[in-house]
>>> print(open('query-v5.txt').read())   # compact mmCIF, C-alpha atoms
# COMPACT_ATOMS: atom_id res chain seq x y z
CA MET A 1 25.30 -1.45 -5.14
CA LYS A 2 23.21 1.05 -7.13
CA SER A 3 20.11 0.63 -4.98
CA PHE A 4 18.72 -1.66 -2.31
CA ARG A 5 15.25 -2.72 -1.23
CA VAL A 6 13.86 -2.98 2.30
CA ALA A 7 10.51 -4.35 3.40
CA SER A 8 8.34 -4.57 6.50
CA TYR A 9 5.85 -7.37 7.11
CA ASN A 10 3.59 -8.26 10.04
CA ILE A 11 3.32 -12.00 9.48
CA ARG A 12 0.77 -12.57 12.27
CA LYS A 13 2.68 -15.57 13.63
CA ALA A 14 2.31 -17.17 10.14
CA ILE A 15 -1.48 -17.45 10.55
CA GLY A 16 -3.22 -16.57 7.32
CA THR A 17 -6.57 -14.99 6.53
CA ASP A 18 -7.99 -18.52 6.37
CA ARG A 19 -6.83 -19.00 10.01
CA ARG A 20 -4.33 -21.66 8.98
CA ARG A 21 -0.75 -21.48 10.19
CA SER A 22 1.57 -21.82 7.21
CA PRO A 23 5.15 -20.51 7.40
CA GLU A 24 5.65 -21.82 3.86
CA ARG A 25 3.19 -19.22 2.58
CA VAL A 26 5.08 -16.48 4.39
CA LEU A 27 8.30 -17.63 2.75
CA GLU A 28 6.57 -17.56 -0.64
CA VAL A 29 5.68 -13.91 -0.04
CA LEU A 30 9.22 -13.10 1.09
CA GLY A 31 10.47 -14.60 -2.15
CA GLU A 32 8.11 -12.38 -4.13
CA LEU A 33 9.27 -9.30 -2.23
CA ASN A 34 12.91 -9.93 -3.15
CA ALA A 35 14.11 -7.39 -0.55
CA ASP A 36 17.64 -7.11 0.82
CA VAL A 37 16.48 -6.45 4.41
CA ILE A 38 13.10 -7.32 5.92
CA ALA A 39 11.71 -6.25 9.29
CA LEU A 40 9.19 -8.79 10.57
CA GLN A 41 6.56 -8.27 13.24
CA GLU A 42 4.77 -11.07 15.14
CA ALA A 43 7.63 -13.33 14.09
CA ASP A 44 7.30 -15.51 17.21
CA ARG A 45 4.38 -17.33 18.73
CA ARG A 46 2.87 -15.28 21.51
CA PHE A 47 2.42 -17.88 24.23
CA GLY A 48 4.42 -20.72 25.75
CA VAL A 49 8.10 -20.84 24.81
CA ARG A 50 7.47 -18.31 22.01
CA THR A 51 9.14 -20.35 19.31
CA ALA A 52 9.83 -18.76 15.92
CA ALA A 53 6.79 -18.69 13.64
CA ILE A 54 9.11 -19.69 10.79
CA PRO A 55 11.17 -22.71 11.90
CA PRO A 56 14.92 -22.01 11.51
CA TRP A 57 15.48 -25.05 9.29
CA LEU A 58 12.70 -23.90 6.97
CA LEU A 59 14.11 -20.37 6.70
CA GLU A 60 17.57 -21.82 6.00
CA SER A 61 16.45 -24.34 3.37
CA MET A 62 13.69 -22.41 1.59
CA SER A 63 14.81 -18.78 1.59
CA PRO A 64 17.83 -16.59 0.80
CA TYR A 65 17.61 -14.99 4.26
CA LYS A 66 19.15 -15.31 7.70
CA PRO A 67 17.89 -13.66 10.90
CA VAL A 68 19.93 -11.07 12.75
CA PRO A 69 21.04 -13.06 15.86
CA LEU A 70 19.51 -11.25 18.82
CA ASN A 71 20.60 -13.89 21.38
CA VAL A 72 17.78 -12.96 23.75
CA GLN A 73 15.25 -15.80 23.78
CA VAL A 74 16.04 -19.42 23.00
CA ASP A 75 13.99 -20.78 20.05
CA SER A 76 12.66 -17.30 19.20
CA MET A 77 13.57 -15.44 16.04
CA GLY A 78 12.90 -11.97 17.42
CA TRP A 79 12.47 -9.71 20.41
CA HIS A 80 8.82 -9.34 21.43
CA GLY A 81 8.05 -10.63 17.95
CA ASN A 82 10.31 -8.18 16.10
CA ALA A 83 12.94 -9.75 13.85
CA ILE A 84 15.21 -8.54 11.07
CA LEU A 85 16.09 -10.75 8.11
CA VAL A 86 18.99 -10.06 5.75
CA ARG A 87 20.34 -11.87 2.73
CA LYS A 88 22.71 -14.68 3.67
CA GLU A 89 25.64 -12.95 2.00
CA ALA A 90 25.10 -9.68 3.92
CA GLU A 91 27.51 -8.72 6.68
CA ILE A 92 25.88 -8.04 10.06
CA GLY A 93 27.60 -5.52 12.31
CA THR A 94 26.37 -4.08 15.59
CA HIS A 95 22.90 -5.27 16.57
CA ASP A 96 20.77 -4.79 19.65
CA VAL A 97 17.30 -4.86 21.16
CA LEU A 98 15.42 -1.85 22.51
CA HIS A 99 13.24 -1.92 25.59
CA LEU A 100 10.22 0.28 24.92
CA PRO A 101 7.93 1.88 27.53
CA CYS A 102 4.74 -0.17 27.55
CA LEU A 103 1.70 -1.57 29.31
CA GLU A 104 2.06 -4.89 27.51
CA PRO A 105 5.43 -6.27 26.34
CA ARG A 106 6.81 -4.24 23.44
CA GLY A 107 10.24 -3.88 21.95
CA ALA A 108 12.21 -2.89 18.89
CA THR A 109 15.30 -4.24 17.15
CA MET A 110 18.31 -2.59 15.53
CA ALA A 111 20.96 -3.91 13.18
CA GLU A 112 23.75 -2.39 11.13
CA VAL A 113 24.22 -4.32 7.89
CA GLU A 114 26.55 -4.12 4.92
CA LEU A 115 24.98 -4.72 1.51
CA GLY A 116 27.74 -4.68 -1.06
CA LYS A 117 29.37 -1.29 -0.50
CA ALA A 118 26.34 0.16 1.27
CA LYS A 119 26.25 0.32 5.07
CA LEU A 120 22.81 0.72 6.57
CA ARG A 121 21.23 0.92 10.02
CA ILE A 122 17.80 -0.67 10.38
CA PHE A 123 15.26 -0.31 13.17
CA GLY A 124 12.27 -2.65 13.28
CA MET A 125 9.31 -2.09 15.58
CA HIS A 126 5.71 -2.96 16.44
CA LEU A 127 4.10 -0.16 18.41
CA ASP A 128 1.27 -0.22 20.93
CA LEU A 129 -2.49 -0.08 20.32
CA SER A 130 -2.69 2.91 22.66
CA GLY A 131 -1.91 6.30 21.14
CA LEU A 132 -0.29 7.59 24.33
CA TRP A 133 2.06 4.61 24.54
CA ARG A 134 2.79 4.74 20.81
CA ARG A 135 4.12 8.29 21.23
CA LYS A 136 6.29 7.26 24.18
CA GLN A 137 7.63 4.33 22.18
CA ALA A 138 8.31 6.51 19.15
CA ALA A 139 10.25 8.93 21.36
CA ALA A 140 12.33 6.01 22.68
CA VAL A 141 13.20 4.80 19.16
CA ILE A 142 14.04 8.33 17.96
CA HIS A 143 16.26 8.84 21.01
CA ALA A 144 18.03 5.49 20.50
CA ALA A 145 18.76 6.33 16.86
CA ALA A 146 20.08 9.77 17.78
CA GLN A 147 22.58 8.29 20.24
CA ARG A 148 24.45 6.41 17.49
CA ASP A 149 27.00 7.63 14.98
CA ALA A 150 25.59 9.05 11.75
CA MET A 151 24.74 6.31 9.25
CA PRO A 152 22.06 5.90 6.55
CA THR A 153 19.06 4.82 8.61
CA VAL A 154 15.70 3.19 7.91
CA LEU A 155 12.97 2.70 10.51
CA MET A 156 10.06 0.43 9.70
CA GLY A 157 7.32 -1.67 11.19
CA ASP A 158 3.70 -1.85 12.22
CA LEU A 159 3.04 1.51 13.91
CA ASN A 160 -0.64 0.73 14.64
CA GLU A 161 -1.50 4.36 13.83
CA TRP A 162 -4.82 4.87 12.03
CA SER A 163 -4.58 8.65 11.63
CA ALA A 164 -3.02 10.18 8.52
CA ASN A 165 -0.46 12.48 10.13
CA ARG A 166 -1.04 12.77 13.87
CA GLY A 167 0.25 11.06 17.00
CA CYS A 168 3.47 9.11 16.59
CA LEU A 169 3.49 9.88 12.85
CA ALA A 170 3.96 13.56 13.59
CA ASP A 171 6.73 12.70 16.07
CA PHE A 172 8.63 10.60 13.55
CA ALA A 173 8.06 13.16 10.78
CA ARG A 174 10.09 15.75 12.66
CA HIS A 175 13.18 13.56 12.17
CA TYR A 176 12.52 11.24 9.22
CA ASN A 177 10.85 11.10 5.82
CA PHE A 178 8.04 8.65 5.10
CA ALA A 179 8.00 6.41 2.04
CA PRO A 180 4.46 6.61 0.56
CA CYS A 181 3.93 2.85 0.49
CA GLY A 182 0.14 2.71 0.70
CA ARG A 183 -2.58 0.82 2.54
CA SER A 184 -1.54 -2.52 3.97
CA PHE A 185 -4.31 -3.55 6.39
CA HIS A 186 -6.54 -5.57 6.15
CA ALA A 187 -4.93 -7.88 3.57
CA ARG A 188 -8.28 -8.84 2.04
CA ARG A 189 -9.47 -5.24 1.78
CA PRO A 190 -6.74 -2.71 2.61
CA VAL A 191 -8.15 0.40 4.29
CA ALA A 192 -5.35 1.57 6.64
CA ARG A 193 -1.65 2.44 6.45
CA LEU A 194 -0.66 0.75 9.69
CA ASP A 195 2.71 -0.36 8.32
CA ARG A 196 5.30 2.34 7.60
CA ILE A 197 8.82 2.81 6.28
CA MET A 198 10.78 5.94 7.30
CA HIS A 199 14.24 7.07 6.26
CA CYS A 200 16.87 9.69 7.00
CA GLY A 201 18.10 12.38 4.62
CA GLN A 202 21.17 10.35 3.60
CA LEU A 203 18.94 8.07 1.55
CA LYS A 204 17.13 8.91 -1.68
CA LEU A 205 13.81 7.14 -2.17
CA VAL A 206 13.60 5.50 -5.61
CA ASP A 207 10.22 3.76 -5.33
CA SER A 208 7.88 2.23 -2.75
CA GLY A 209 4.65 0.33 -2.50
CA VAL A 210 2.47 -2.39 -1.01
CA HIS A 211 3.04 -5.94 -2.19
CA ASP A 212 -0.41 -7.20 -3.12
CA SER A 213 -0.46 -10.70 -4.58
CA ALA A 214 -2.55 -13.85 -4.36
CA ALA A 215 -0.06 -15.25 -1.85
CA SER A 216 0.18 -12.10 0.31
CA ARG A 217 -3.59 -11.80 0.55
CA LYS A 218 -3.67 -15.24 2.21
CA ALA A 219 -0.43 -15.43 4.23
CA SER A 220 -1.26 -12.79 6.88
CA ASP A 221 -3.84 -10.14 7.74
CA HIS A 222 -1.27 -7.48 6.77
CA LEU A 223 0.19 -6.96 3.31
CA PRO A 224 3.95 -6.35 3.25
CA ILE A 225 5.29 -2.94 2.27
CA TRP A 226 8.59 -2.16 0.53
CA ALA A 227 10.84 0.73 -0.44
CA GLU A 228 13.86 1.02 -2.70
CA PHE A 229 16.65 3.47 -1.90
CA ARG A 230 19.91 4.85 -3.21
CA LEU A 231 22.63 6.38 -1.05
>>> encode(input="query-v5.txt", output="structure tokens")
Amino acid sequence: MKSFRVASYNIRKAIGTDRRRSPERVLEVLGELNADVIALQEADRRFGVRTAAIPPWLLESMSPYKPVPLNVQVDSMGWHGNAILVRKEAEIGTHDVLHLPCLEPRGATMAEVELGKAKLRIFGMHLDLSGLWRRKQAAAVIHAAAQRDAMPTVLMGDLNEWSANRGCLADFARHYNFAPCGRSFHARRPVARLDRIMHCGQLKLVDSGVHDSAASRKASDHLPIWAEFRL
């Protein structure tokens, strides 16, 4: 594999900017992204049994993706809304969930995947609205990544950080490089870079951006971001 593409997308429980729930629109956007690995946030409904926002049968029949099996919550796709999708032909190795320090339930996910000859470790996350808790959560993710054997690593998700380079961004920047994807929130008029993709020094960034299309402007209040890498 010469290069591979990753993406991060807060799908807002498949509720679009018109306040309609439509997982089919989310799948349309995923098809446009054409990424090899996608970290989703708000992938499960928030209340009740927290079923997956994209029904499993729909993901299976209308997309080239499969979810990393977290085996934590029945009927849910993710862990506190965080899910990782990979292409159906990809090999999934070690995978786990991370318990993050929080006031309200927060978590992160990790998966090691094999894309052709490339082996990659992915962390997906959705950090807190509070700056203090965001920094504690960032420290927990950085620590969890450092405890594992060296492997090309990408961290991505909705960091909820409005500043340009302070808070948890500064914490992550001491260990990882940021892909300059661009502004992803709000989908109708992007003003903030809440969604971020970070990578270790074993990966060379080829290109990155925000996926802005007619479908993505309707499917969620966040636009998806993407980055392409080479080993």
>>> residues_around(input="query-v5.txt", residues="Phe229 in chain A", least_positions_apart="3", cutoff="7 Å", atoms="all atoms listed in the file", output="JSON, numbers by chain")
{"A": [3, 4, 5, 203, 204, 205, 206]}
>>> write_last_selection(input="query-v5.txt", atoms="C-alpha atoms", output="tab-separated table (two decimals), keeping the file's coordinate frame")
chain	number	residue	atom	x	y	z
A	3	SER	CA	20.11	0.63	-4.98
A	4	PHE	CA	18.72	-1.66	-2.31
A	5	ARG	CA	15.25	-2.72	-1.23
A	203	LEU	CA	18.94	8.07	1.55
A	204	LYS	CA	17.13	8.91	-1.68
A	205	LEU	CA	13.81	7.14	-2.17
A	206	VAL	CA	13.60	5.50	-5.61
>>> residues_near_point(input="query-v5.txt", point="(24.2, 3.6, -6.8)", cutoff="7 Å", atoms="all atoms listed in the file", output="list in words")
Met1, Lys2, Ser3, Arg230 and Leu231 of chain A
>>> closest_residue(input="query-v5.txt", among="A:Pro224, A:Gly107, A:Gly16, A:Pro55", to="Ala35 in chain A", atoms="only C-alpha atoms")
A:Pro224
>>> atom_distance(input="query-v5.txt", atom1="CA of Leu85 in chain A", atom2="CA of Asp171 in chain A")
26.5 Å
>>> closest_residue(input="query-v5.txt", among="A:Ile84, A:Leu70, A:Leu103, A:Leu40", to="Leu129 in chain A", atoms="all atoms listed in the file")
A:Leu103
>>> residues_around(input="query-v5.txt", residues="Val113 in chain A", least_positions_apart="4", cutoff="9 Å", atoms="all atoms listed in the file", output="list in words")
Val37, Val86, Ala90, Glu91, Ile92, Gly93, Thr94, His95, Ala118, Lys119, Leu120, Arg121 and Ile122 of chain A
>>> closest_residue(input="query-v5.txt", among="A:Arg193, A:Lys13, A:His186, A:His211", to="Ser76 in chain A", atoms="all atoms listed in the file")
A:Lys13
>>> atom_distance(input="query-v5.txt", atom1="CA of Leu100 in chain A", atom2="CA of Asn10 in chain A")
18.4 Å
>>> atom_distance(input="query-v5.txt", atom1="CA of Asp158 in chain A", atom2="CA of Ala52 in chain A")
18.4 Å
>>> residues_around(input="query-v5.txt", residues="Met198 in chain A", least_positions_apart="6", cutoff="8 Å", atoms="only C-alpha atoms", output="JSON, numbers by chain")
{"A": [154, 155, 156, 176, 177, 178, 179]}
>>> closest_residue(input="query-v5.txt", among="A:Arg189, A:Arg87, A:Arg166, A:His99", to="Arg135 in chain A", atoms="only C-alpha atoms")
A:Arg166
